[in-house]
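File shown here: query-v6.txt, holding compact mmCIF, C-alpha atoms and all ligand atoms.
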```txt
# COMPACT_ATOMS: atom_id res chain seq x y z
CA MET A 222 0.00 0.00 0.00
CA PHE A 223 2.83 2.36 0.89
CA ASP A 224 4.53 1.48 -2.44
CA GLY A 225 1.31 2.34 -4.34
CA PHE A 226 1.12 5.69 -2.59
CA LEU A 227 4.76 6.40 -3.37
CA VAL A 228 4.42 5.48 -7.06
CA ASN A 229 1.28 7.60 -7.32
CA PHE A 230 3.05 10.51 -5.63
CA VAL A 231 6.11 10.22 -7.89
CA ILE A 232 3.94 10.09 -11.04
CA ARG A 233 1.85 13.10 -9.97
CA PHE A 234 4.93 15.07 -8.93
CA THR A 235 6.64 14.29 -12.25
CA ILE A 236 3.58 15.37 -14.28
CA HIS A 237 3.33 18.57 -12.21
CA SER A 238 7.02 19.35 -12.70
CA LEU A 239 6.84 18.67 -16.42
CA LYS A 240 3.78 20.92 -16.76
CA PHE A 241 5.55 23.66 -14.82
CA HIS A 242 8.67 23.14 -16.85
CA PHE A 243 6.86 23.30 -20.20
CA ASN A 244 4.93 26.40 -19.13
CA MET A 245 8.18 28.06 -18.36
CA LEU A 246 10.12 26.80 -21.33
CA PRO A 247 11.22 29.60 -23.59
CA ASN A 248 9.56 29.86 -26.99
CA TYR A 249 12.95 30.41 -28.45
CA SER A 250 15.00 28.10 -30.56
CA LEU A 251 18.60 28.48 -31.59
CA THR A 252 17.56 28.54 -35.23
CA HIS A 253 15.36 31.61 -34.82
CA PRO A 254 16.53 34.22 -37.37
CA ARG A 255 16.47 37.01 -34.79
CA TYR A 256 19.97 38.25 -35.42
CA GLU A 257 19.46 38.81 -39.16
CA LYS A 258 16.98 41.59 -38.50
CA MET A 259 19.23 43.78 -36.38
CA THR A 260 22.23 45.98 -37.11
CA TYR A 261 25.08 45.61 -34.61
CA ASN A 262 27.57 48.43 -34.06
CA ARG A 263 30.97 48.25 -32.42
CA CYS A 264 31.04 49.97 -29.07
CA GLY A 265 33.95 52.41 -29.39
CA ASN A 266 37.29 50.64 -29.66
CA SER A 267 36.09 47.65 -27.66
CA GLY A 268 35.40 44.10 -28.75
CA LEU A 269 31.71 44.46 -27.91
CA LEU A 270 28.95 44.83 -30.50
CA LEU A 271 25.71 46.46 -29.42
CA PRO A 272 22.39 46.43 -31.28
CA ALA A 273 21.56 49.74 -32.99
CA ILE A 274 18.37 49.68 -30.90
CA SER A 275 18.56 48.73 -27.20
CA LEU A 276 15.70 48.51 -24.71
CA GLY A 277 15.56 50.31 -21.38
CA LEU A 278 13.40 49.30 -18.40
CA TRP A 279 13.12 52.67 -16.66
CA HIS A 280 9.33 52.78 -17.15
CA ASN A 281 6.79 50.00 -17.82
CA PHE A 282 8.54 47.20 -15.88
CA GLY A 283 7.88 48.04 -12.22
CA PHE A 284 5.48 46.37 -9.79
CA VAL A 285 2.93 49.05 -10.81
CA ASP A 286 2.98 47.74 -14.40
CA SER A 287 1.57 44.62 -16.05
CA ILE A 288 4.19 41.87 -15.89
CA GLU A 289 2.56 40.11 -18.87
CA ASN A 290 2.92 43.24 -21.00
CA GLY A 291 6.54 43.63 -19.92
CA ARG A 292 7.21 39.99 -20.66
CA ASN A 293 5.75 40.30 -24.18
CA ILE A 294 7.86 43.39 -24.84
CA LEU A 295 11.03 41.60 -23.71
CA ARG A 296 10.27 38.49 -25.75
CA THR A 297 9.52 40.55 -28.87
CA ALA A 298 12.68 42.56 -28.34
CA PHE A 299 14.88 39.49 -28.03
CA ASP A 300 13.25 37.81 -31.03
CA SER A 301 13.94 40.96 -33.05
CA GLY A 302 17.66 40.91 -32.31
CA ILE A 303 17.72 43.34 -29.37
CA THR A 304 20.44 41.83 -27.23
CA HIS A 305 20.94 44.73 -24.85
CA PHE A 306 18.65 45.50 -21.89
CA ASP A 307 19.40 48.47 -19.69
CA LEU A 308 18.41 48.78 -16.03
CA ALA A 309 19.34 50.72 -12.91
CA ASN A 310 18.98 50.04 -9.20
CA ASN A 311 16.17 52.60 -8.85
CA TYR A 312 13.95 51.65 -11.82
CA GLY A 313 10.37 50.76 -10.94
CA PRO A 314 8.36 52.01 -9.15
CA PRO A 315 8.97 51.01 -6.47
CA ALA A 316 12.75 51.35 -6.83
CA GLY A 317 14.31 47.95 -7.47
CA SER A 318 11.14 46.38 -8.85
CA ALA A 319 12.19 46.61 -12.52
CA GLU A 320 15.33 44.61 -11.69
CA GLU A 321 13.28 42.11 -9.71
CA ASN A 322 10.72 41.66 -12.50
CA PHE A 323 13.48 41.45 -15.08
CA GLY A 324 15.21 38.75 -13.00
CA THR A 325 12.00 36.70 -12.92
CA MET A 326 11.45 37.02 -16.68
CA LEU A 327 15.08 36.28 -17.35
CA LYS A 328 14.90 33.11 -15.32
CA HIS A 329 11.68 31.91 -16.98
CA ASP A 330 12.26 32.96 -20.55
CA PHE A 331 15.93 33.58 -21.23
CA ALA A 332 17.80 31.34 -18.80
CA THR A 333 19.44 29.39 -21.59
CA HIS A 334 20.31 32.57 -23.49
CA ARG A 335 22.37 34.45 -20.89
CA ASP A 336 25.45 34.46 -23.12
CA GLU A 337 23.45 36.15 -25.88
CA LEU A 338 22.47 39.08 -23.67
CA ILE A 339 24.11 42.31 -22.60
CA ILE A 340 22.53 43.37 -19.32
CA SER A 341 23.47 46.65 -17.72
CA THR A 342 22.65 48.30 -14.44
CA LYS A 343 23.66 51.49 -12.68
CA ALA A 344 24.02 53.14 -9.31
CA GLY A 345 24.17 56.83 -8.51
CA TYR A 346 20.68 58.09 -7.68
CA ALA A 347 18.93 57.71 -4.31
CA MET A 348 18.22 54.05 -3.57
CA TRP A 349 18.06 53.64 0.19
CA THR A 350 17.99 55.96 3.19
CA GLY A 351 21.04 57.10 5.12
CA PRO A 352 24.39 58.46 3.97
CA TYR A 353 25.36 55.39 1.90
CA GLY A 354 22.33 55.10 -0.39
CA GLU A 355 23.30 57.33 -3.35
CA TRP A 356 26.08 59.12 -5.29
CA GLY A 357 29.52 57.62 -6.00
CA SER A 358 31.30 56.28 -2.91
CA LYS A 359 32.86 52.83 -2.89
CA LYS A 360 30.52 51.88 -0.03
CA TYR A 361 27.41 52.72 -2.06
CA LEU A 362 28.47 51.38 -5.47
CA VAL A 363 29.63 47.99 -4.19
CA SER A 364 26.56 47.48 -1.97
CA SER A 365 24.21 48.63 -4.70
CA LEU A 366 25.60 46.28 -7.34
CA ASP A 367 25.39 43.37 -4.86
CA GLN A 368 21.72 44.21 -4.32
CA SER A 369 21.08 44.51 -8.08
CA LEU A 370 22.66 41.11 -8.74
CA LYS A 371 20.43 39.55 -6.07
CA ARG A 372 17.29 41.17 -7.48
CA MET A 373 18.11 40.04 -11.03
CA GLN A 374 19.32 36.61 -9.85
CA LEU A 375 22.56 37.11 -11.77
CA ASP A 376 26.19 36.34 -11.01
CA TYR A 377 27.40 39.31 -13.04
CA VAL A 378 26.16 42.16 -15.23
CA ASP A 379 27.71 42.93 -18.58
CA ILE A 380 27.95 46.68 -17.98
CA PHE A 381 27.93 48.54 -14.68
CA TYR A 382 27.55 52.33 -14.75
CA SER A 383 28.26 55.19 -12.45
CA HIS A 384 24.82 56.75 -13.04
CA ARG A 385 25.88 60.32 -12.31
CA PRO A 386 29.00 62.18 -11.25
CA ASP A 387 29.31 62.83 -7.51
CA PRO A 388 30.55 66.34 -6.70
CA TRP A 389 31.68 65.31 -3.19
CA THR A 390 33.41 61.96 -3.75
CA PRO A 391 36.83 62.07 -5.43
CA LEU A 392 36.47 60.80 -9.00
CA GLU A 393 39.47 58.56 -8.23
CA GLU A 394 37.37 56.67 -5.64
CA THR A 395 34.41 56.18 -7.99
CA MET A 396 36.60 55.00 -10.86
CA ALA A 397 38.72 52.73 -8.63
CA THR A 398 35.44 51.12 -7.52
CA LEU A 399 34.40 50.48 -11.13
CA ASP A 400 37.80 48.87 -11.71
CA LEU A 401 37.41 46.78 -8.54
CA ILE A 402 33.96 45.55 -9.60
CA VAL A 403 35.35 44.31 -12.92
CA ARG A 404 38.27 42.59 -11.17
CA GLN A 405 35.81 40.91 -8.80
CA GLY A 406 33.96 39.54 -11.83
CA LYS A 407 30.71 41.30 -10.93
CA ALA A 408 30.72 43.27 -14.20
CA LEU A 409 32.45 42.63 -17.52
CA TYR A 410 32.60 46.29 -18.58
CA VAL A 411 31.99 49.67 -16.99
CA GLY A 412 30.46 52.92 -18.17
CA ILE A 413 29.50 56.39 -17.06
CA SER A 414 26.28 58.31 -17.48
CA ASN A 415 25.41 62.00 -17.28
CA TYR A 416 29.12 62.97 -17.01
CA SER A 417 30.33 66.23 -18.59
CA ALA A 418 32.99 66.20 -21.31
CA ALA A 419 35.67 67.27 -18.79
CA ASP A 420 34.72 64.58 -16.26
CA THR A 421 34.50 62.01 -19.07
CA LYS A 422 38.09 62.78 -20.03
CA ARG A 423 39.33 62.42 -16.44
CA ALA A 424 37.28 59.28 -15.78
CA ALA A 425 38.40 57.60 -19.01
CA GLU A 426 42.07 58.37 -18.34
CA MET A 427 41.88 57.02 -14.78
CA LEU A 428 40.17 53.83 -15.86
CA ARG A 429 42.60 53.29 -18.73
CA ASN A 430 45.55 53.67 -16.34
CA MET A 431 44.00 51.03 -14.07
CA GLY A 432 43.65 48.62 -17.00
CA THR A 433 39.85 48.77 -17.20
CA PRO A 434 38.93 50.92 -20.21
CA CYS A 435 35.68 52.87 -19.96
CA LEU A 436 33.43 51.07 -22.44
CA ILE A 437 30.60 53.51 -22.89
CA HIS A 438 28.94 56.80 -22.07
CA GLN A 439 25.18 57.07 -21.63
CA PRO A 440 24.04 60.65 -22.24
CA LYS A 441 20.58 62.06 -22.90
CA TYR A 442 20.39 62.85 -26.63
CA SER A 443 17.51 63.51 -29.00
CA MET A 444 16.25 66.09 -31.48
CA PHE A 445 15.14 68.09 -28.44
CA VAL A 446 18.33 67.62 -26.36
CA ARG A 447 21.41 68.36 -28.47
CA GLU A 448 24.00 69.40 -25.86
CA PRO A 449 26.20 66.30 -26.39
CA GLU A 450 26.93 67.56 -29.92
CA GLY A 451 29.01 70.32 -28.26
CA GLU A 452 32.05 68.82 -26.51
CA LEU A 453 30.81 65.49 -25.21
CA PHE A 454 30.63 63.49 -28.45
CA ALA A 455 34.12 64.68 -29.45
CA GLU A 456 35.53 63.59 -26.07
CA ILE A 457 33.77 60.22 -26.24
CA GLU A 458 35.32 59.65 -29.67
CA ARG A 459 38.79 60.78 -28.54
CA GLN A 460 38.63 58.32 -25.64
CA GLY A 461 37.59 55.45 -27.92
CA MET A 462 34.36 54.95 -26.00
CA GLY A 463 30.97 53.94 -27.34
CA CYS A 464 27.86 56.01 -26.81
CA ILE A 465 24.30 54.92 -26.07
CA ALA A 466 21.73 57.72 -26.26
CA PHE A 467 18.97 57.63 -23.64
CA SER A 468 15.45 59.06 -24.09
CA PRO A 469 15.96 59.40 -27.87
CA LEU A 470 12.21 60.02 -28.25
CA ALA A 471 12.27 62.68 -25.49
CA GLN A 472 10.16 60.28 -23.37
CA GLY A 473 7.53 60.04 -26.11
CA LEU A 474 7.30 63.70 -27.13
CA LEU A 475 9.02 62.92 -30.44
CA THR A 476 6.29 60.51 -31.54
CA ASN A 477 2.67 60.90 -32.56
CA ARG A 478 1.62 60.21 -28.92
CA TYR A 479 0.74 63.79 -27.96
CA LEU A 480 -0.36 65.26 -31.28
CA LYS A 481 -4.00 65.31 -30.16
CA GLY A 482 -3.64 65.96 -26.44
CA ILE A 483 -2.42 63.81 -23.53
CA PRO A 484 -3.77 60.24 -23.72
CA ALA A 485 -4.86 58.73 -20.38
CA ASP A 486 -2.44 55.80 -20.69
CA SER A 487 0.60 57.91 -21.62
CA ARG A 488 3.68 58.62 -19.53
CA ALA A 489 2.71 62.27 -19.16
CA ALA A 490 -0.64 61.24 -17.65
CA LYS A 491 0.73 58.70 -15.17
CA PRO A 492 1.41 59.92 -11.62
CA HIS A 493 4.75 58.07 -11.55
CA GLY A 494 5.75 59.03 -15.11
CA PHE A 495 8.82 61.24 -15.40
CA LEU A 496 7.43 63.26 -18.31
CA GLN A 497 5.65 66.26 -16.81
CA GLN A 498 2.47 67.59 -18.42
CA GLU A 499 4.13 71.04 -18.71
CA GLN A 500 6.74 69.47 -20.99
CA VAL A 501 3.97 68.58 -23.45
CA SER A 502 3.85 72.24 -24.37
CA GLU A 503 2.20 73.84 -27.38
CA PHE A 504 5.66 75.01 -28.46
CA ALA A 505 7.05 71.45 -28.47
CA ILE A 506 4.00 69.91 -30.15
CA GLU A 507 4.03 72.53 -32.93
CA LYS A 508 7.60 71.47 -33.72
CA VAL A 509 6.66 67.80 -33.65
CA LYS A 510 3.79 68.46 -36.08
CA LYS A 511 6.20 70.10 -38.54
CA LEU A 512 8.78 67.32 -38.08
CA ASN A 513 6.04 64.77 -38.62
CA GLU A 514 5.41 66.20 -42.09
CA ILE A 515 9.03 65.41 -43.02
CA ALA A 516 8.65 61.94 -41.52
CA GLN A 517 5.57 61.33 -43.65
CA GLN A 518 7.43 62.41 -46.79
CA ARG A 519 10.11 59.88 -45.85
CA GLN A 520 7.33 57.30 -45.37
CA GLN A 521 8.33 56.87 -41.76
CA SER A 522 6.51 57.46 -38.51
CA MET A 523 7.62 60.38 -36.34
CA ALA A 524 9.19 57.98 -33.83
CA GLN A 525 11.15 56.20 -36.58
CA MET A 526 12.51 59.47 -37.96
CA ALA A 527 13.50 60.67 -34.47
CA LEU A 528 15.45 57.44 -33.84
CA ALA A 529 17.07 57.43 -37.30
CA TRP A 530 18.11 61.04 -36.69
CA VAL A 531 19.94 60.08 -33.47
CA LEU A 532 21.61 57.15 -35.23
CA ARG A 533 22.76 59.40 -38.11
CA ASP A 534 25.75 60.40 -35.94
CA ARG A 535 28.32 57.65 -36.32
CA ARG A 536 29.50 58.29 -32.75
CA VAL A 537 26.18 56.95 -31.46
CA THR A 538 26.52 53.19 -31.05
CA SER A 539 22.92 52.53 -30.03
CA VAL A 540 19.64 54.29 -29.26
CA LEU A 541 18.25 53.31 -25.88
CA ILE A 542 14.50 53.35 -26.26
CA GLY A 543 11.57 52.72 -23.96
CA ALA A 544 8.29 51.15 -25.05
CA SER A 545 4.98 50.67 -23.27
CA SER A 546 3.65 48.14 -25.80
CA VAL A 547 4.77 45.55 -28.31
CA GLU A 548 3.22 47.73 -31.02
CA GLN A 549 5.46 50.69 -30.13
CA LEU A 550 8.48 48.44 -30.04
CA ASN A 551 7.70 47.06 -33.49
CA VAL A 552 7.24 50.56 -34.92
CA ASN A 553 10.59 51.57 -33.44
CA LEU A 554 12.32 48.51 -34.87
CA GLY A 555 11.07 49.60 -38.31
CA THR A 556 13.48 52.54 -38.02
CA LEU A 557 16.24 50.32 -39.35
CA ASN A 558 14.52 50.18 -42.78
CA THR A 559 15.24 53.87 -43.48
CA LEU A 560 18.25 55.26 -41.68
CA SER A 561 19.77 57.71 -44.16
CA PHE A 562 18.84 61.38 -44.59
CA THR A 563 19.38 63.75 -47.50
CA ASN A 564 21.17 67.03 -46.74
CA ASP A 565 17.94 68.86 -47.51
CA GLU A 566 16.04 66.82 -44.93
CA LEU A 567 18.71 67.44 -42.28
CA GLN A 568 18.71 71.17 -42.96
CA HIS A 569 14.94 71.30 -42.84
CA ILE A 570 14.95 69.44 -39.50
CA ASP A 571 17.59 71.81 -38.08
CA HIS A 572 15.53 74.77 -39.20
CA ILE A 573 12.45 73.46 -37.37
CA LEU A 574 14.42 72.59 -34.22
CA ASN A 575 16.15 75.99 -34.11
CA SER A 576 13.04 78.06 -34.84
P1 LIG B 1 12.19 57.18 -25.04
O1 LIG B 1 12.58 58.59 -25.29
O2 LIG B 1 12.35 56.18 -26.12
O3 LIG B 1 10.66 57.20 -24.52
C1 LIG B 1 9.94 56.02 -24.39
C2 LIG B 1 8.44 56.32 -24.30
O4 LIG B 1 8.00 56.95 -25.50
C3 LIG B 1 7.61 55.05 -24.19
O5 LIG B 1 7.52 54.59 -22.87
C4 LIG B 1 6.29 55.50 -24.76
O6 LIG B 1 5.61 56.28 -23.82
C5 LIG B 1 6.74 56.41 -25.89
N1 LIG B 1 6.94 55.70 -27.17
C6 LIG B 1 7.95 54.85 -27.50
N2 LIG B 1 7.81 54.43 -28.77
C7 LIG B 1 6.70 55.01 -29.26
C8 LIG B 1 6.05 54.95 -30.51
N3 LIG B 1 6.51 54.23 -31.52
N4 LIG B 1 4.91 55.68 -30.66
C9 LIG B 1 4.41 56.42 -29.65
N5 LIG B 1 4.99 56.53 -28.44
C10 LIG B 1 6.13 55.82 -28.24
O7 LIG B 1 13.04 56.60 -23.86
P2 LIG B 1 12.91 56.60 -22.25
O8 LIG B 1 12.74 57.96 -21.74
O9 LIG B 1 11.94 55.56 -21.85
O10 LIG B 1 14.36 56.12 -21.88
C11 LIG B 1 14.85 54.89 -22.43
C12 LIG B 1 15.84 54.26 -21.52
O11 LIG B 1 16.96 55.11 -21.32
C13 LIG B 1 15.35 54.00 -20.09
O12 LIG B 1 14.52 52.87 -20.00
C14 LIG B 1 16.64 53.83 -19.37
O13 LIG B 1 17.15 52.54 -19.62
C15 LIG B 1 17.53 54.86 -20.05
N6 LIG B 1 17.58 56.11 -19.27
C16 LIG B 1 18.76 56.43 -18.65
C17 LIG B 1 18.88 57.56 -17.89
C18 LIG B 1 20.19 57.89 -17.28
O14 LIG B 1 20.27 58.82 -16.44
N7 LIG B 1 21.25 57.20 -17.63
C19 LIG B 1 17.72 58.48 -17.66
C20 LIG B 1 16.55 58.08 -18.41
C21 LIG B 1 16.49 56.95 -19.18
P3 LIG B 1 4.14 55.93 -23.26
O15 LIG B 1 4.36 55.30 -21.94
O16 LIG B 1 3.46 57.25 -23.18
O17 LIG B 1 3.48 55.01 -24.24
```
Output the file's structure in the form of structure tokens.
Amino acid sequence: MFDGFLVNFVIRFTIHSLKFHFNMLPNYSLTHPRYEKMTYNRCGNSGLLLPAISLGLWHNFGFVDSIENGRNILRTAFDSGITHFDLANNYGPPAGSAEENFGTMLKHDFATHRDELIISTKAGYAMWTGPYGEWGSKKYLVSSLDQSLKRMQLDYVDIFYSHRPDPWTPLEETMATLDLIVRQGKALYVGISNYSAADTKRAAEMLRNMGTPCLIHQPKYSMFVREPEGELFAEIERQGMGCIAFSPLAQGLLTNRYLKGIPADSRAAKPHGFLQQEQVSEFAIEKVKKLNEIAQQRQQSMAQMALAWVLRDRRVTSVLIGASSVEQLNVNLGTLNTLSFTNDELQHIDHILNS
């Protein structure tokens, strides 16, 4: 009788495990032609190739968001050749939840594909209370990355960033910590974000002298935010670094999203969205309407033209987009069909942006 119970238990447990296993099995197969659809660009002078379009998890992946929607976006991204996913300790809300959700999805869907993925995270902004929860000290950066690895259930990230320069911590300490993290095997490469051209030069030189070259800079760059064209891009190029442009759609302003007001499900309408309603100004939308006419002549959507425009600069390795739906992601991937601009188009765009 005991034997019968045991056999029954083993059979039921096996069926349950198989069901669970099959539910969780990735849809992916090694023969999927995902990589043929994407363009890969070399990241500065490094050995690393990054997709021309990368996906960021700043919005739409927190506990406040639908995990099913996030999961569909990630699966579509990966199946379209997007190999790079960008996170930070504080993405959510609540802070940390984007990493935690990403870790769960990674485990269920991409566990067998870890070596095909470039996963980045960052530390620099406020993450926990007390004097050690933000900025650029060794204490904060090391603790924060350890927490990020736990949340994402990873042994290492591919890129770890200093998210912002710290005016009070010596740059030497912040850069020595990035070097340490690579030597400890917790990150393969390091990068900096929101650093000025002068700080980029100092940071890159320090890291090079320590034997850990600075792989990449992550600045904000779009048709509406052109400051990096001043000194930053030139410095990035001089240092042999790559560049990944964040918020290339100006958080959605450079799309057709706000052409007829502020939709209820848009970032500008959400209480936790970073795009403020004041930023959706008449002045900005008038420009977008004019830009959209050029996009239509190019047979592109506004979003596609805005992304192609960022990628027109050969110093930009990748555009780091956000998407709140699979549909948006697919539109944005269509950018790669029409990347080039005529001189007339570029001049016309400049004229609109400078008017
Ligand atoms: P984008 O400028 O690409 O804005 C993304 C938003 O634009 C989407 O969430 C969506 O908004 C809207 N959108 C996207 N595609 C379309 C489309 N085809 N049609 C209509 N609307 C569209 O980038 P993010 O501001 O999201 O930033 C991208 C990533 O950059 C972040 O996830 C993060 O990884 C990184 N980042 C880094 C920072 C740093 O300091 N280093 C700071 C900020 C971002 P909606 O929700 O309204 O649909």
* Restricting the calculation to all atoms listed in the file, which member of A:Lys359, A:Lys481, A:Arg429, A:Lys343 is positioned closest to ligand LIG 1 (chain B)? ->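 Nearest to ligand LIG 1 (chain B): A:Lys343.
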Could the residues of chain A that have an atom at most 8 Å from ligand LIG 1 (chain B) be listed as CSV, each with its closest atom pair and the distance in Å to one decimal, counting only C-alpha atoms and all ligand atoms and ordered by chain and ascending residue number?
```
residue,atom,partner,partner_atom,distance
A:Leu276,CA,B:LIG1,O12,6.5
A:Gly277,CA,B:LIG1,O12,3.1
A:Leu278,CA,B:LIG1,O12,4.1
A:Trp279,CA,B:LIG1,O12,3.6
A:His280,CA,B:LIG1,O12,5.9
A:Asn281,CA,B:LIG1,O5,6.9
A:Phe306,CA,B:LIG1,O13,7.5
A:Asp307,CA,B:LIG1,O13,4.7
A:Leu308,CA,B:LIG1,O13,5.3
A:Ala309,CA,B:LIG1,O13,7.3
A:Lys343,CA,B:LIG1,N7,7.9
A:His384,CA,B:LIG1,N7,5.8
A:Arg385,CA,B:LIG1,O14,7.1
A:Ser414,CA,B:LIG1,N7,5.2
A:Asn415,CA,B:LIG1,O14,6.1
A:Gln439,CA,B:LIG1,N7,5.6
A:Pro440,CA,B:LIG1,N7,6.4
A:Lys441,CA,B:LIG1,C17,6.9
A:Ser443,CA,B:LIG1,O1,7.9
A:Ala466,CA,B:LIG1,O11,7.3
A:Phe467,CA,B:LIG1,O11,4.0
A:Ser468,CA,B:LIG1,O1,3.1
A:Pro469,CA,B:LIG1,O1,4.3
A:Leu470,CA,B:LIG1,O1,3.3
A:Ala471,CA,B:LIG1,O1,4.1
A:Gln472,CA,B:LIG1,O3,3.3
A:Gly473,CA,B:LIG1,O4,3.2
A:Leu474,CA,B:LIG1,O4,7.0
A:Leu475,CA,B:LIG1,O1,7.6
A:Thr476,CA,B:LIG1,C9,4.9
A:Asn477,CA,B:LIG1,C9,5.6
A:Arg478,CA,B:LIG1,C9,4.8
A:Pro484,CA,B:LIG1,O16,7.8
A:Asp486,CA,B:LIG1,O16,6.6
A:Ser487,CA,B:LIG1,O16,3.3
A:Arg488,CA,B:LIG1,O16,3.9
A:Ala489,CA,B:LIG1,O16,6.5
A:Ala490,CA,B:LIG1,O16,8.0
A:Gly494,CA,B:LIG1,O15,7.9
A:Ser522,CA,B:LIG1,N3,7.7
A:Met523,CA,B:LIG1,N4,7.9
A:Ala524,CA,B:LIG1,N3,5.2
A:Gln525,CA,B:LIG1,N3,7.1
A:Leu541,CA,B:LIG1,O11,5.1
A:Ile542,CA,B:LIG1,O2,3.6
A:Gly543,CA,B:LIG1,O9,3.6
A:Ala544,CA,B:LIG1,C3,4.1
A:Ser545,CA,B:LIG1,O5,4.7
A:Ser546,CA,B:LIG1,O17,7.0
A:Glu548,CA,B:LIG1,N3,7.3
A:Gln549,CA,B:LIG1,N3,3.9
A:Leu550,CA,B:LIG1,N2,6.2
A:Asn551,CA,B:LIG1,N3,7.5
A:Val552,CA,B:LIG1,N3,5.1
A:Asn553,CA,B:LIG1,N3,5.2
```
* **Selection: 12 Å around Glu257 in chain A, all atoms listed in the file, excl. self and same-chain fewer than 6 positions, as JSON, numbers by chain** => {"A": [272, 300, 301, 302, 303, 557]}
* Long-range neighbours of range 370-378 of chain A as JSON, numbers by chain, 9 Å cut-off, all atoms listed in the file, 6 positions minimum in chain -> {"A": [317, 318, 319, 320, 321, 322, 323, 324, 325, 327, 328, 339, 340, 341, 342, 406, 407, 408, 409, 410]}
* Please, what distance in Å, to one decimal, runs between CA of Gly463 in chain A and CA of Asp420 in chain A? ->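 CA of Gly463 in chain A sits 15.8 Å away from CA of Asp420 in chain A.
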Padding of 4 Å on every side, edges along x, y and z, all listed atoms of range 554-558 of chain A included: what centre and edge lengths in Å, to one decimal, does that box have, as AutoDock Vina command-line options?
```
--center_x 13.7 --center_y 50.5 --center_z -38.8 --size_x 13.2 --size_y 12.0 --size_z 15.9
```
* Coordinates-based distance that separates CA of Pro314 in chain A from CA of Leu362 in chain A (Å, one decimal) ->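 Spanning CA of Leu362 in chain A to CA of Pro314 in chain A is a straight-line distance of 20.5 Å.
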* **Distance criterion (only C-alpha atoms): nearest to Ser369 in chain A out of A:Val403, A:Val446, A:Met348, A:Ile573** => A:Met348
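The interatomic distance for the pair CA of Thr559 in chain A and CA of Leu512 in chain A works out to 15.9 Å.
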